[in-house]
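**Q** Next up, entry-v6.cif (mmCIF, C-alpha atoms).
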data_run
#
loop_
_atom_site.group_PDB
_atom_site.id
_atom_site.type_symbol
_atom_site.label_atom_id
_atom_site.label_comp_id
_atom_site.auth_asym_id
_atom_site.auth_seq_id
_atom_site.Cartn_x
_atom_site.Cartn_y
_atom_site.Cartn_z
ATOM 1 C CA MET A 1 25.331 26.844 -55.614
ATOM 2 C CA ASP A 2 25.950 30.391 -54.363
ATOM 3 C CA THR A 3 22.515 31.995 -54.106
ATOM 4 C CA LEU A 4 21.017 35.099 -52.547
ATOM 5 C CA LYS A 5 18.242 34.246 -50.081
ATOM 6 C CA ILE A 6 15.777 36.961 -49.077
ATOM 7 C CA GLY A 7 12.950 35.770 -46.852
ATOM 8 C CA PRO A 8 11.399 32.764 -48.617
ATOM 9 C CA TYR A 9 12.947 33.643 -51.976
ATOM 10 C CA GLU A 10 16.188 32.518 -53.562
ATOM 11 C CA PHE A 11 18.017 34.162 -56.452
ATOM 12 C CA ARG A 12 21.001 33.330 -58.625
ATOM 13 C CA SER A 13 21.726 36.956 -59.475
ATOM 14 C CA ARG A 14 23.088 39.365 -56.894
ATOM 15 C CA LEU A 15 22.416 42.442 -59.017
ATOM 16 C CA LEU A 16 19.074 44.143 -58.442
ATOM 17 C CA LEU A 17 18.094 46.651 -61.095
ATOM 18 C CA GLY A 18 15.947 49.755 -60.925
ATOM 19 C CA THR A 19 13.689 50.619 -63.832
ATOM 20 C CA GLY A 20 13.625 54.426 -63.697
ATOM 21 C CA LYS A 21 15.162 57.070 -65.976
ATOM 22 C CA PHE A 22 15.696 54.862 -69.049
ATOM 23 C CA ALA A 23 15.472 56.801 -72.325
ATOM 24 C CA ASP A 24 13.193 54.248 -73.994
ATOM 25 C CA LEU A 25 11.512 50.932 -73.290
ATOM 26 C CA ASP A 26 13.520 49.021 -75.912
ATOM 27 C CA THR A 27 16.892 49.986 -74.402
ATOM 28 C CA GLN A 28 15.527 49.217 -70.966
ATOM 29 C CA GLY A 29 14.364 45.766 -72.005
ATOM 30 C CA LYS A 30 17.794 44.939 -73.427
ATOM 31 C CA ALA A 31 19.605 46.324 -70.381
ATOM 32 C CA VAL A 32 17.453 44.220 -68.062
ATOM 33 C CA GLU A 33 18.106 41.146 -70.153
ATOM 34 C CA VAL A 34 21.898 41.422 -70.238
ATOM 35 C CA SER A 35 22.073 42.397 -66.551
ATOM 36 C CA GLU A 36 20.561 38.975 -65.722
ATOM 37 C CA ALA A 37 18.886 40.699 -62.774
ATOM 38 C CA GLU A 38 15.988 38.728 -61.327
ATOM 39 C CA ILE A 39 14.692 41.443 -59.008
ATOM 40 C CA LEU A 40 13.444 44.689 -60.550
ATOM 41 C CA THR A 41 12.333 47.735 -58.622
ATOM 42 C CA PHE A 42 9.342 49.875 -59.544
ATOM 43 C CA ALA A 43 7.593 52.939 -58.159
ATOM 44 C CA ILE A 44 3.844 53.241 -57.534
ATOM 45 C CA ARG A 45 2.237 56.307 -59.058
ATOM 46 C CA ARG A 46 -1.099 57.672 -60.182
ATOM 47 C CA LEU A 47 -2.031 56.459 -63.631
ATOM 48 C CA ASN A 48 -2.091 59.280 -66.182
ATOM 49 C CA LEU A 49 -5.796 59.323 -67.046
ATOM 50 C CA GLU A 50 -5.185 61.739 -69.915
ATOM 51 C CA ASN A 51 -3.309 58.900 -71.636
ATOM 52 C CA PRO A 52 -4.355 55.654 -69.939
ATOM 53 C CA GLN A 53 -3.013 53.449 -72.739
ATOM 54 C CA GLU A 54 0.533 54.850 -72.524
ATOM 55 C CA PRO A 55 3.061 51.973 -72.959
ATOM 56 C CA ASN A 56 4.351 50.711 -69.641
ATOM 57 C CA PHE A 57 7.525 48.710 -68.983
ATOM 58 C CA LEU A 58 5.860 46.308 -66.579
ATOM 59 C CA GLU A 59 3.436 45.168 -69.275
ATOM 60 C CA GLN A 60 6.318 44.152 -71.520
ATOM 61 C CA LEU A 61 7.907 41.911 -68.918
ATOM 62 C CA ASP A 62 7.496 38.187 -68.616
ATOM 63 C CA LEU A 63 6.439 38.307 -64.975
ATOM 64 C CA LYS A 64 7.301 34.637 -64.476
ATOM 65 C CA LYS A 65 10.978 35.509 -64.948
ATOM 66 C CA PHE A 66 11.208 38.395 -62.496
ATOM 67 C CA THR A 67 10.437 39.198 -58.897
ATOM 68 C CA LEU A 68 9.029 42.690 -58.515
ATOM 69 C CA LEU A 69 10.340 44.931 -55.796
ATOM 70 C CA PRO A 70 8.062 47.964 -55.623
ATOM 71 C CA ASN A 71 9.438 50.867 -53.620
ATOM 72 C CA THR A 72 7.810 53.459 -51.407
ATOM 73 C CA ALA A 73 9.701 56.287 -53.119
ATOM 74 C CA GLY A 74 8.048 59.642 -52.640
ATOM 75 C CA ALA A 75 7.128 58.884 -49.034
ATOM 76 C CA TYR A 76 8.347 61.367 -46.433
ATOM 77 C CA THR A 77 6.563 59.686 -43.513
ATOM 78 C CA ALA A 78 6.076 56.124 -42.298
ATOM 79 C CA GLU A 79 2.313 56.453 -42.953
ATOM 80 C CA GLU A 80 2.866 57.400 -46.585
ATOM 81 C CA ALA A 81 5.287 54.511 -47.048
ATOM 82 C CA VAL A 82 2.836 52.014 -45.547
ATOM 83 C CA ARG A 83 0.038 53.297 -47.794
ATOM 84 C CA ILE A 84 2.184 52.879 -50.921
ATOM 85 C CA ALA A 85 3.319 49.420 -49.816
ATOM 86 C CA ARG A 86 -0.280 48.263 -49.337
ATOM 87 C CA LEU A 87 -1.232 49.576 -52.769
ATOM 88 C CA ALA A 88 1.704 47.719 -54.315
ATOM 89 C CA LYS A 89 0.788 44.453 -52.621
ATOM 90 C CA ALA A 90 -2.866 44.813 -53.649
ATOM 91 C CA SER A 91 -1.714 44.416 -57.263
ATOM 92 C CA GLY A 92 -1.381 40.731 -56.425
ATOM 93 C CA LEU A 93 1.996 40.679 -58.177
ATOM 94 C CA CYS A 94 4.360 40.693 -55.223
ATOM 95 C CA ASP A 95 4.775 40.747 -51.476
ATOM 96 C CA MET A 96 8.265 42.265 -51.384
ATOM 97 C CA ILE A 97 8.630 45.954 -50.635
ATOM 98 C CA LYS A 98 11.582 48.305 -50.705
ATOM 99 C CA VAL A 99 10.924 50.634 -47.790
ATOM 100 C CA GLU A 100 12.167 54.104 -48.586
ATOM 101 C CA VAL A 101 11.256 57.060 -46.370
ATOM 102 C CA ILE A 102 13.123 60.161 -47.435
ATOM 103 C CA GLY A 103 14.066 62.868 -44.973
ATOM 104 C CA ASP A 104 15.364 65.592 -47.244
ATOM 105 C CA PRO A 105 14.639 66.484 -50.888
ATOM 106 C CA LYS A 106 18.140 67.708 -51.719
ATOM 107 C CA THR A 107 20.241 64.814 -50.454
ATOM 108 C CA LEU A 108 17.407 62.237 -50.633
ATOM 109 C CA LEU A 109 18.902 60.727 -47.511
ATOM 110 C CA PRO A 110 16.543 58.439 -45.597
ATOM 111 C CA ASP A 111 14.686 59.557 -42.500
ATOM 112 C CA PRO A 112 15.956 56.917 -40.070
ATOM 113 C CA ILE A 113 13.021 57.148 -37.665
ATOM 114 C CA GLY A 114 10.304 56.994 -40.332
ATOM 115 C CA THR A 115 12.247 54.214 -42.052
ATOM 116 C CA LEU A 116 12.333 52.100 -38.885
ATOM 117 C CA GLU A 117 8.639 52.748 -38.118
ATOM 118 C CA ALA A 118 7.466 51.843 -41.619
ATOM 119 C CA SER A 119 9.672 48.731 -41.699
ATOM 120 C CA LYS A 120 8.275 47.482 -38.393
ATOM 121 C CA ILE A 121 4.645 47.934 -39.485
ATOM 122 C CA LEU A 122 5.213 46.249 -42.849
ATOM 123 C CA VAL A 123 7.024 43.274 -41.286
ATOM 124 C CA GLU A 124 4.043 42.851 -38.943
ATOM 125 C CA GLU A 125 1.683 42.973 -41.928
ATOM 126 C CA GLY A 126 3.530 40.093 -43.561
ATOM 127 C CA PHE A 127 5.509 41.883 -46.242
ATOM 128 C CA ILE A 128 8.976 40.724 -47.250
ATOM 129 C CA VAL A 129 10.748 43.912 -46.274
ATOM 130 C CA LEU A 130 13.952 45.235 -47.836
ATOM 131 C CA THR A 131 14.787 48.550 -46.239
ATOM 132 C CA TYR A 132 16.777 51.319 -47.869
ATOM 133 C CA THR A 133 18.714 53.024 -45.110
ATOM 134 C CA ASN A 134 21.678 55.192 -44.230
ATOM 135 C CA ASP A 135 24.984 53.399 -43.898
ATOM 136 C CA ASP A 136 24.452 53.464 -40.141
ATOM 137 C CA PRO A 137 25.449 50.224 -38.387
ATOM 138 C CA ILE A 138 23.213 50.881 -35.371
ATOM 139 C CA LEU A 139 20.168 51.565 -37.516
ATOM 140 C CA ALA A 140 20.961 48.434 -39.517
ATOM 141 C CA ARG A 141 20.908 46.504 -36.241
ATOM 142 C CA ARG A 142 17.612 48.081 -35.141
ATOM 143 C CA LEU A 143 16.051 47.223 -38.499
ATOM 144 C CA GLN A 144 17.076 43.605 -38.094
ATOM 145 C CA GLU A 145 15.593 43.599 -34.602
ATOM 146 C CA VAL A 146 12.170 44.545 -36.026
ATOM 147 C CA GLY A 147 12.508 41.678 -38.505
ATOM 148 C CA VAL A 148 13.352 43.130 -41.911
ATOM 149 C CA HIS A 149 14.410 40.558 -44.480
ATOM 150 C CA ALA A 150 17.260 42.596 -45.955
ATOM 151 C CA VAL A 151 19.019 45.844 -45.081
ATOM 152 C CA MET A 152 19.979 48.069 -48.000
ATOM 153 C CA PRO A 153 22.470 50.752 -46.971
ATOM 154 C CA GLY A 154 23.194 53.507 -49.453
ATOM 155 C CA ALA A 155 26.729 53.687 -50.830
ATOM 156 C CA SER A 156 26.249 57.455 -51.307
ATOM 157 C CA PRO A 157 23.262 59.699 -52.192
ATOM 158 C CA ILE A 158 20.735 58.302 -54.683
ATOM 159 C CA GLY A 159 21.746 58.901 -58.280
ATOM 160 C CA SER A 160 25.013 60.618 -57.282
ATOM 161 C CA GLY A 161 27.378 58.008 -58.739
ATOM 162 C CA GLN A 162 29.890 58.682 -55.959
ATOM 163 C CA GLY A 163 30.338 55.012 -55.109
ATOM 164 C CA ILE A 164 31.012 53.866 -51.548
ATOM 165 C CA VAL A 165 31.832 56.903 -49.412
ATOM 166 C CA ASN A 166 32.018 55.163 -46.031
ATOM 167 C CA GLU A 167 33.621 51.796 -46.488
ATOM 168 C CA ASN A 168 34.201 51.491 -42.787
ATOM 169 C CA ASN A 169 30.516 51.761 -41.856
ATOM 170 C CA LEU A 170 29.628 49.304 -44.574
ATOM 171 C CA ARG A 171 32.108 46.819 -43.113
ATOM 172 C CA PHE A 172 30.584 47.232 -39.653
ATOM 173 C CA ILE A 173 27.102 46.589 -41.065
ATOM 174 C CA ILE A 174 28.225 43.519 -43.013
ATOM 175 C CA GLU A 175 30.240 42.043 -40.152
ATOM 176 C CA GLU A 176 27.299 41.746 -37.813
ATOM 177 C CA ALA A 177 24.532 41.163 -40.360
ATOM 178 C CA LYS A 178 22.006 38.387 -39.826
ATOM 179 C CA VAL A 179 20.095 39.145 -43.028
ATOM 180 C CA PRO A 180 21.365 39.975 -46.526
ATOM 181 C CA ILE A 181 23.019 43.365 -46.916
ATOM 182 C CA ILE A 182 22.369 44.892 -50.311
ATOM 183 C CA VAL A 183 24.264 48.058 -51.188
ATOM 184 C CA ASP A 184 21.651 50.348 -52.675
ATOM 185 C CA ALA A 185 22.077 53.775 -54.264
ATOM 186 C CA GLY A 186 25.081 55.869 -55.215
ATOM 187 C CA ILE A 187 26.808 53.273 -57.392
ATOM 188 C CA GLY A 188 28.569 54.907 -60.338
ATOM 189 C CA ALA A 189 30.764 52.307 -61.987
ATOM 190 C CA PRO A 190 31.371 48.541 -62.130
ATOM 191 C CA ALA A 191 34.315 48.971 -59.726
ATOM 192 C CA ASP A 192 31.845 50.190 -57.083
ATOM 193 C CA CYS A 193 29.853 46.975 -57.474
ATOM 194 C CA ALA A 194 32.993 44.876 -57.224
ATOM 195 C CA LYS A 195 34.123 46.807 -54.139
ATOM 196 C CA ALA A 196 30.782 46.361 -52.374
ATOM 197 C CA MET A 197 30.802 42.643 -53.070
ATOM 198 C CA GLU A 198 34.472 42.265 -52.055
ATOM 199 C CA LEU A 199 33.572 43.826 -48.719
ATOM 200 C CA GLY A 200 31.074 41.000 -48.279
ATOM 201 C CA ALA A 201 27.810 42.613 -49.337
ATOM 202 C CA ASP A 202 25.204 40.092 -50.496
ATOM 203 C CA GLY A 203 24.033 42.145 -53.443
ATOM 204 C CA VAL A 204 23.936 45.517 -55.161
ATOM 205 C CA LEU A 205 20.894 47.526 -56.231
ATOM 206 C CA LEU A 206 21.444 50.237 -58.806
ATOM 207 C CA ASN A 207 19.532 52.188 -61.409
ATOM 208 C CA THR A 208 20.901 55.560 -62.552
ATOM 209 C CA ALA A 209 24.401 54.273 -63.272
ATOM 210 C CA VAL A 210 22.964 51.997 -65.966
ATOM 211 C CA ALA A 211 19.978 54.037 -67.122
ATOM 212 C CA LEU A 212 21.992 57.208 -67.749
ATOM 213 C CA ALA A 213 25.228 55.610 -69.020
ATOM 214 C CA ASP A 214 26.144 56.505 -72.595
ATOM 215 C CA ASN A 215 25.464 52.880 -73.466
ATOM 216 C CA PRO A 216 23.030 51.497 -70.889
ATOM 217 C CA VAL A 217 23.016 47.958 -72.299
ATOM 218 C CA LEU A 218 26.811 47.642 -72.207
ATOM 219 C CA MET A 219 26.882 49.188 -68.733
ATOM 220 C CA ALA A 220 24.261 46.702 -67.527
ATOM 221 C CA GLU A 221 26.566 43.882 -68.586
ATOM 222 C CA ALA A 222 29.568 45.599 -66.980
ATOM 223 C CA MET A 223 27.689 45.964 -63.681
ATOM 224 C CA LYS A 224 26.721 42.296 -63.773
ATOM 225 C CA LEU A 225 30.364 41.343 -64.270
ATOM 226 C CA GLY A 226 31.452 43.766 -61.527
ATOM 227 C CA VAL A 227 29.093 42.128 -59.058
ATOM 228 C CA GLU A 228 30.208 38.645 -60.096
ATOM 229 C CA ALA A 229 33.910 39.539 -59.908
ATOM 230 C CA GLY A 230 33.520 41.091 -56.474
ATOM 231 C CA ARG A 231 31.518 38.155 -55.167
ATOM 232 C CA LYS A 232 34.060 35.611 -56.385
ATOM 233 C CA GLY A 233 36.875 37.726 -54.974
ATOM 234 C CA PHE A 234 35.134 37.796 -51.601
ATOM 235 C CA LEU A 235 34.556 34.038 -51.590
ATOM 236 C CA ALA A 236 38.124 33.374 -52.717
ATOM 237 C CA GLY A 237 39.569 35.352 -49.792
ATOM 238 C CA ARG A 238 41.935 38.151 -50.688
ATOM 239 C CA ILE A 239 45.496 38.417 -49.385
ATOM 240 C CA ALA A 240 46.319 40.774 -46.557
ATOM 241 C CA LYS A 241 47.912 44.118 -47.442
ATOM 242 C CA LYS A 242 51.596 44.482 -46.526
ATOM 243 C CA ARG A 243 53.834 47.533 -46.406
ATOM 244 C CA TYR A 244 56.776 45.979 -48.281
ATOM 245 C CA ALA A 245 57.295 43.828 -51.331
ATOM 246 C CA SER A 246 57.247 40.043 -51.385
ATOM 247 C CA ALA A 247 58.949 38.526 -54.456
ATOM 248 C CA SER A 248 56.769 36.387 -56.700
ATOM 249 C CA SER A 249 59.779 34.653 -58.296
ATOM 250 C CA PRO A 250 62.033 32.237 -56.370
ATOM 251 C CA THR A 251 64.984 33.856 -54.599
ATOM 252 C CA GLU A 252 66.846 30.499 -54.737
ATOM 253 C CA GLY A 253 68.719 29.210 -57.807
ATOM 254 C CA MET A 254 69.793 32.580 -59.156
ATOM 255 C CA ILE A 255 72.168 32.342 -62.133
ATOM 256 C CA GLU A 256 75.585 33.618 -61.099
ATOM 257 C CA MET B 1 -21.892 62.715 -60.344
ATOM 258 C CA VAL B 2 -18.548 64.341 -59.599
ATOM 259 C CA VAL B 3 -15.632 62.444 -58.032
ATOM 260 C CA GLN B 4 -12.079 63.370 -57.113
ATOM 261 C CA LEU B 5 -10.147 61.067 -59.448
ATOM 262 C CA ASN B 6 -6.341 60.976 -59.126
ATOM 263 C CA GLY B 7 -6.483 64.413 -57.563
ATOM 264 C CA LYS B 8 -8.755 65.997 -60.179
ATOM 265 C CA LYS B 9 -12.476 66.708 -60.106
ATOM 266 C CA VAL B 10 -14.086 64.594 -62.808
ATOM 267 C CA GLU B 11 -17.712 64.514 -63.932
ATOM 268 C CA LEU B 12 -18.585 60.863 -64.572
ATOM 269 C CA ALA B 13 -20.898 59.723 -67.336
ATOM 270 C CA ALA B 14 -24.369 58.731 -66.146
ATOM 271 C CA GLU B 15 -23.860 55.019 -66.929
ATOM 272 C CA ILE B 16 -20.894 54.681 -64.538
ATOM 273 C CA GLY B 17 -22.191 53.182 -61.302
ATOM 274 C CA THR B 18 -19.404 50.836 -60.142
ATOM 275 C CA LEU B 19 -15.618 50.792 -59.997
ATOM 276 C CA ARG B 20 -15.558 48.244 -62.792
ATOM 277 C CA GLU B 21 -17.574 50.558 -65.016
ATOM 278 C CA LEU B 22 -15.242 53.416 -64.135
ATOM 279 C CA LEU B 23 -12.211 51.321 -65.167
ATOM 280 C CA ILE B 24 -13.937 50.265 -68.393
ATOM 281 C CA SER B 25 -14.570 53.929 -69.248
ATOM 282 C CA TYR B 26 -10.766 54.367 -69.374
ATOM 283 C CA GLN B 27 -10.205 50.894 -70.910
ATOM 284 C CA LEU B 28 -8.270 49.849 -67.830
ATOM 285 C CA GLN B 29 -10.205 46.691 -66.959
ATOM 286 C CA GLU B 30 -7.409 44.387 -68.207
ATOM 287 C CA LYS B 31 -4.529 46.533 -66.928
ATOM 288 C CA ILE B 32 -2.500 46.032 -63.790
ATOM 289 C CA VAL B 33 -3.880 48.825 -61.652
ATOM 290 C CA VAL B 34 -4.827 49.201 -58.006
ATOM 291 C CA VAL B 35 -7.833 51.231 -56.890
ATOM 292 C CA GLU B 36 -8.185 53.099 -53.640
ATOM 293 C CA GLN B 37 -11.588 54.573 -52.749
ATOM 294 C CA ASN B 38 -11.835 57.096 -49.901
ATOM 295 C CA GLY B 39 -8.584 55.742 -48.450
ATOM 296 C CA ASP B 40 -9.521 52.050 -48.669
ATOM 297 C CA ILE B 41 -7.875 49.696 -51.126
ATOM 298 C CA ILE B 42 -10.553 47.829 -53.057
ATOM 299 C CA ASP B 43 -9.870 44.214 -53.922
ATOM 300 C CA ARG B 44 -9.963 43.507 -57.633
ATOM 301 C CA SER B 45 -12.735 40.924 -57.100
ATOM 302 C CA GLN B 46 -14.967 43.653 -55.629
ATOM 303 C CA TYR B 47 -14.794 46.141 -58.529
ATOM 304 C CA GLU B 48 -18.014 44.872 -60.055
ATOM 305 C CA THR B 49 -20.044 45.257 -56.883
ATOM 306 C CA THR B 50 -18.477 48.419 -55.443
ATOM 307 C CA PRO B 51 -20.610 51.485 -56.157
ATOM 308 C CA VAL B 52 -19.105 54.844 -56.986
ATOM 309 C CA ALA B 53 -20.738 57.737 -55.127
ATOM 310 C CA ASP B 54 -20.757 61.473 -55.621
ATOM 311 C CA GLY B 55 -17.765 63.089 -53.895
ATOM 312 C CA ASP B 56 -15.708 59.874 -53.705
ATOM 313 C CA ARG B 57 -11.935 60.262 -53.615
ATOM 314 C CA ILE B 58 -10.625 57.631 -55.992
ATOM 315 C CA GLU B 59 -7.015 56.822 -56.794
ATOM 316 C CA ILE B 60 -6.038 54.582 -59.686
ATOM 317 C CA VAL B 61 -2.361 53.709 -59.406
ATOM 318 C CA HIS B 62 0.063 51.473 -61.267
ATOM 319 C CA PHE B 63 3.703 50.395 -61.457
ATOM 320 C CA VAL B 64 6.057 52.828 -63.161
ATOM 321 C CA GLY B 65 9.821 52.834 -63.627
ATOM 322 C CA GLY B 66 11.671 53.597 -60.394
ATOM 323 C CA GLY B 67 14.783 52.726 -58.455
#
If you took the structure in this file and wrote it as C-alpha cells, what would it be?

**A**
Amino acid sequence: MDTLKIGPYEFRSRLLLGTGKFADLDTQGKAVEVSEAEILTFAIRRLNLENPQEPNFLEQLDLKKFTLLPNTAGAYTAEEAVRIARLAKASGLCDMIKVEVIGDPKTLLPDPIGTLEASKILVEEGFIVLTYTNDDPILARRLQEVGVHAVMPGASPIGSGQGIVNENNLRFIIEEAKVPIIVDAGIGAPADCAKAMELGADGVLLNTAVALADNPVLMAEAMKLGVEAGRKGFLAGRIAKKRYASASSPTEGMIE
Amino acid sequence: MVVQLNGKKVELAAEIGTLRELLISYQLQEKIVVVEQNGDIIDRSQYETTPVADGDRIEIVHFVGGG
C-alpha cells in the first residue's frame, strides 16, 4: 500500500489540512471529513477568558481519527517557535510540530535562519519536526542534516493561491530528499495539488484554498482528488515531452 | 491577589490558591488547555498542588484553527 511515512507515523492520505479561516464549525467539519485528511494543523493561542466556553473545533473532533499538527505560527524568532512548540506538546495530544518562523509580515516568508535554529532545537528535544520553509534546495538540505522528519517548502506565499511559482526549485528539493517533502502554502486550486504530486512531492498541506472557496466542502473533495490524481500520475511515470507529433493510430493498413 | 493572566491584570477571588482552582473559576478544568506560569509550563498533574502567587504571569493557551 502507498503510504506517507513521517517519523514513526504512517498515513494513507497525502493531503494535510489546515483548520483556519473557516466560516463556521459545521462547514469545517464536513470539509475535513470529505478531504479524508488524517493530519490537521492548528495554532496555539491564548484562550479568550472573556468567553472561555466559546465552541472550539478541536473539541468536536474524534481525536482517535486524526493526528494533530500544531504550528508555531506567530513566531518571528526561534525562541518564540520553541516556546509555542513546548506548549503544544504539553497538551499531551501530539508530539508533531510544524515549525514556522516568519521573517516578514507582508510576504509571510519564512526566516531561514530562525527556521533552521528552531528545527534543530526541537529535533533534539524529541519532537517529530515538519518544517515550513522557503523553496530553497540548500536550506532543505540543511534542515535534513539537523534531522527534521519532513521538509515543507512553500509553493508561493501563504494564502496567496498562486500555486507553484518555482517548479525548478521544488524539483531540486524533491530529487535529493531523504525525508518526505510536503508542499505547504500557496496552493490555489486542485491542479496545483496534482502538479506538486506529479513532481514527486510526498504530500500537500493547504488551508485557505479550501476554507475560503465558495463551496469549501466541494473544494475539499476536489483537493483530495487532485492529490490522488497527481500521486498516481507520478507513480505511473509520465511520457517525455516531444517537440513534434507522434500518431496514436497505426500508419500501416491505410485504406487506399 | 493580582496576577497577569493572558496579558491582562486580573484580581483573583480570595478562594483561588492553586492553578486548579484558577481553572475551575473559568470552568476550564475539563478543557484541553496548557498553562504556563512565569515562563514555565506546568504539567497537568501538578495543577492541584501548584500555588498561584501575587504578581504571577500566567498564560492559559489552547488549540485554535490555523494553517

**Q** Using only C-alpha atoms, find which residues of chain A lie within 7 Å of chain B and jot them down as a PyMOL selection string.

**A** chain A and resi 18-20+41-47+52+58+87+90-91+207

**Q** Work out how far apart CA of Asp54 in chain B and CA of Met1 in chain B are and give it in Å to one decimal.

**A**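 CA of Met1 in chain B lies 5.0 Å from CA of Asp54 in chain B.
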
**Q** What does the structure give for the distance between CA of Gly103 in chain A and CA of Phe57 in chain A, in Å to one decimal?

**A**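 Atom-to-atom, CA of Gly103 in chain A to CA of Phe57 in chain A, that is 28.6 Å.
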
**Q** Do you have the CA of Glu30 in chain B-CA of Cys94 in chain A distance handy?

**A**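 Pair CA of Glu30 in chain B / CA of Cys94 in chain A returns 17.9 Å.
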
**Q** Leaving out range 13-15 of chain B and any residue of its chain fewer than 5 positions from it, which residues lie within 12 Å of it when counting all atoms listed in the file, given as a PyMOL selection string?

**A** chain B and resi 1-3+20-22+24-26+51-54

**Q** Return range 116-122 of chain A, completed with all heavy atoms, as a PDB file, keeping the file's coordinate frame.

**A**
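To be explicit, this is the file written out as result-v8.pdb:
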ATOM      1  N   LEU A 116      12.469  53.184 -39.871  1.00  0.00           N
ATOM      2  CA  LEU A 116      12.333  52.100 -38.885  1.00  0.00           C
ATOM      3  C   LEU A 116      10.857  51.829 -38.590  1.00  0.00           C
ATOM      4  O   LEU A 116      10.427  50.666 -38.551  1.00  0.00           O
ATOM      5  CB  LEU A 116      13.092  52.483 -37.595  1.00  0.00           C
ATOM      6  CG  LEU A 116      13.118  51.441 -36.485  1.00  0.00           C
ATOM      7  CD1 LEU A 116      13.832  50.167 -36.934  1.00  0.00           C
ATOM      8  CD2 LEU A 116      13.816  52.001 -35.232  1.00  0.00           C
ATOM      9  N   GLU A 117      10.074  52.903 -38.413  1.00  0.00           N
ATOM     10  CA  GLU A 117       8.639  52.748 -38.118  1.00  0.00           C
ATOM     11  C   GLU A 117       7.917  52.011 -39.247  1.00  0.00           C
ATOM     12  O   GLU A 117       7.167  51.063 -39.009  1.00  0.00           O
ATOM     13  CB  GLU A 117       7.980  54.124 -37.948  1.00  0.00           C
ATOM     14  CG  GLU A 117       8.239  54.786 -36.617  1.00  0.00           C
ATOM     15  CD  GLU A 117       7.700  56.224 -36.580  1.00  0.00           C
ATOM     16  OE1 GLU A 117       7.031  56.659 -37.540  1.00  0.00           O
ATOM     17  OE2 GLU A 117       7.973  56.900 -35.589  1.00  0.00           O
ATOM     18  N   ALA A 118       8.148  52.463 -40.465  1.00  0.00           N
ATOM     19  CA  ALA A 118       7.466  51.843 -41.619  1.00  0.00           C
ATOM     20  C   ALA A 118       7.885  50.384 -41.757  1.00  0.00           C
ATOM     21  O   ALA A 118       7.053  49.502 -42.006  1.00  0.00           O
ATOM     22  CB  ALA A 118       7.792  52.612 -42.897  1.00  0.00           C
ATOM     23  N   SER A 119       9.173  50.103 -41.561  1.00  0.00           N
ATOM     24  CA  SER A 119       9.672  48.731 -41.699  1.00  0.00           C
ATOM     25  C   SER A 119       9.004  47.810 -40.689  1.00  0.00           C
ATOM     26  O   SER A 119       8.593  46.695 -41.023  1.00  0.00           O
ATOM     27  CB  SER A 119      11.196  48.694 -41.495  1.00  0.00           C
ATOM     28  OG  SER A 119      11.831  49.466 -42.488  1.00  0.00           O
ATOM     29  N   LYS A 120       8.869  48.281 -39.464  1.00  0.00           N
ATOM     30  CA  LYS A 120       8.275  47.482 -38.393  1.00  0.00           C
ATOM     31  C   LYS A 120       6.818  47.147 -38.730  1.00  0.00           C
ATOM     32  O   LYS A 120       6.398  45.984 -38.644  1.00  0.00           O
ATOM     33  CB  LYS A 120       8.346  48.274 -37.083  1.00  0.00           C
ATOM     34  CG  LYS A 120       7.824  47.545 -35.861  1.00  0.00           C
ATOM     35  CD  LYS A 120       8.167  48.348 -34.595  1.00  0.00           C
ATOM     36  CE  LYS A 120       7.845  47.570 -33.340  1.00  0.00           C
ATOM     37  NZ  LYS A 120       6.417  47.540 -33.063  1.00  0.00           N
ATOM     38  N   ILE A 121       6.062  48.149 -39.153  1.00  0.00           N
ATOM     39  CA  ILE A 121       4.645  47.934 -39.485  1.00  0.00           C
ATOM     40  C   ILE A 121       4.519  46.931 -40.637  1.00  0.00           C
ATOM     41  O   ILE A 121       3.710  46.004 -40.592  1.00  0.00           O
ATOM     42  CB  ILE A 121       3.969  49.274 -39.870  1.00  0.00           C
ATOM     43  CG1 ILE A 121       3.909  50.208 -38.654  1.00  0.00           C
ATOM     44  CG2 ILE A 121       2.567  49.041 -40.440  1.00  0.00           C
ATOM     45  CD1 ILE A 121       3.533  51.650 -38.994  1.00  0.00           C
ATOM     46  N   LEU A 122       5.350  47.097 -41.655  1.00  0.00           N
ATOM     47  CA  LEU A 122       5.213  46.249 -42.849  1.00  0.00           C
ATOM     48  C   LEU A 122       5.663  44.812 -42.576  1.00  0.00           C
ATOM     49  O   LEU A 122       5.095  43.872 -43.134  1.00  0.00           O
ATOM     50  CB  LEU A 122       5.961  46.883 -44.030  1.00  0.00           C
ATOM     51  CG  LEU A 122       5.304  48.191 -44.486  1.00  0.00           C
ATOM     52  CD1 LEU A 122       6.180  48.926 -45.484  1.00  0.00           C
ATOM     53  CD2 LEU A 122       3.920  47.935 -45.084  1.00  0.00           C
TER      54      LEU A 122
END
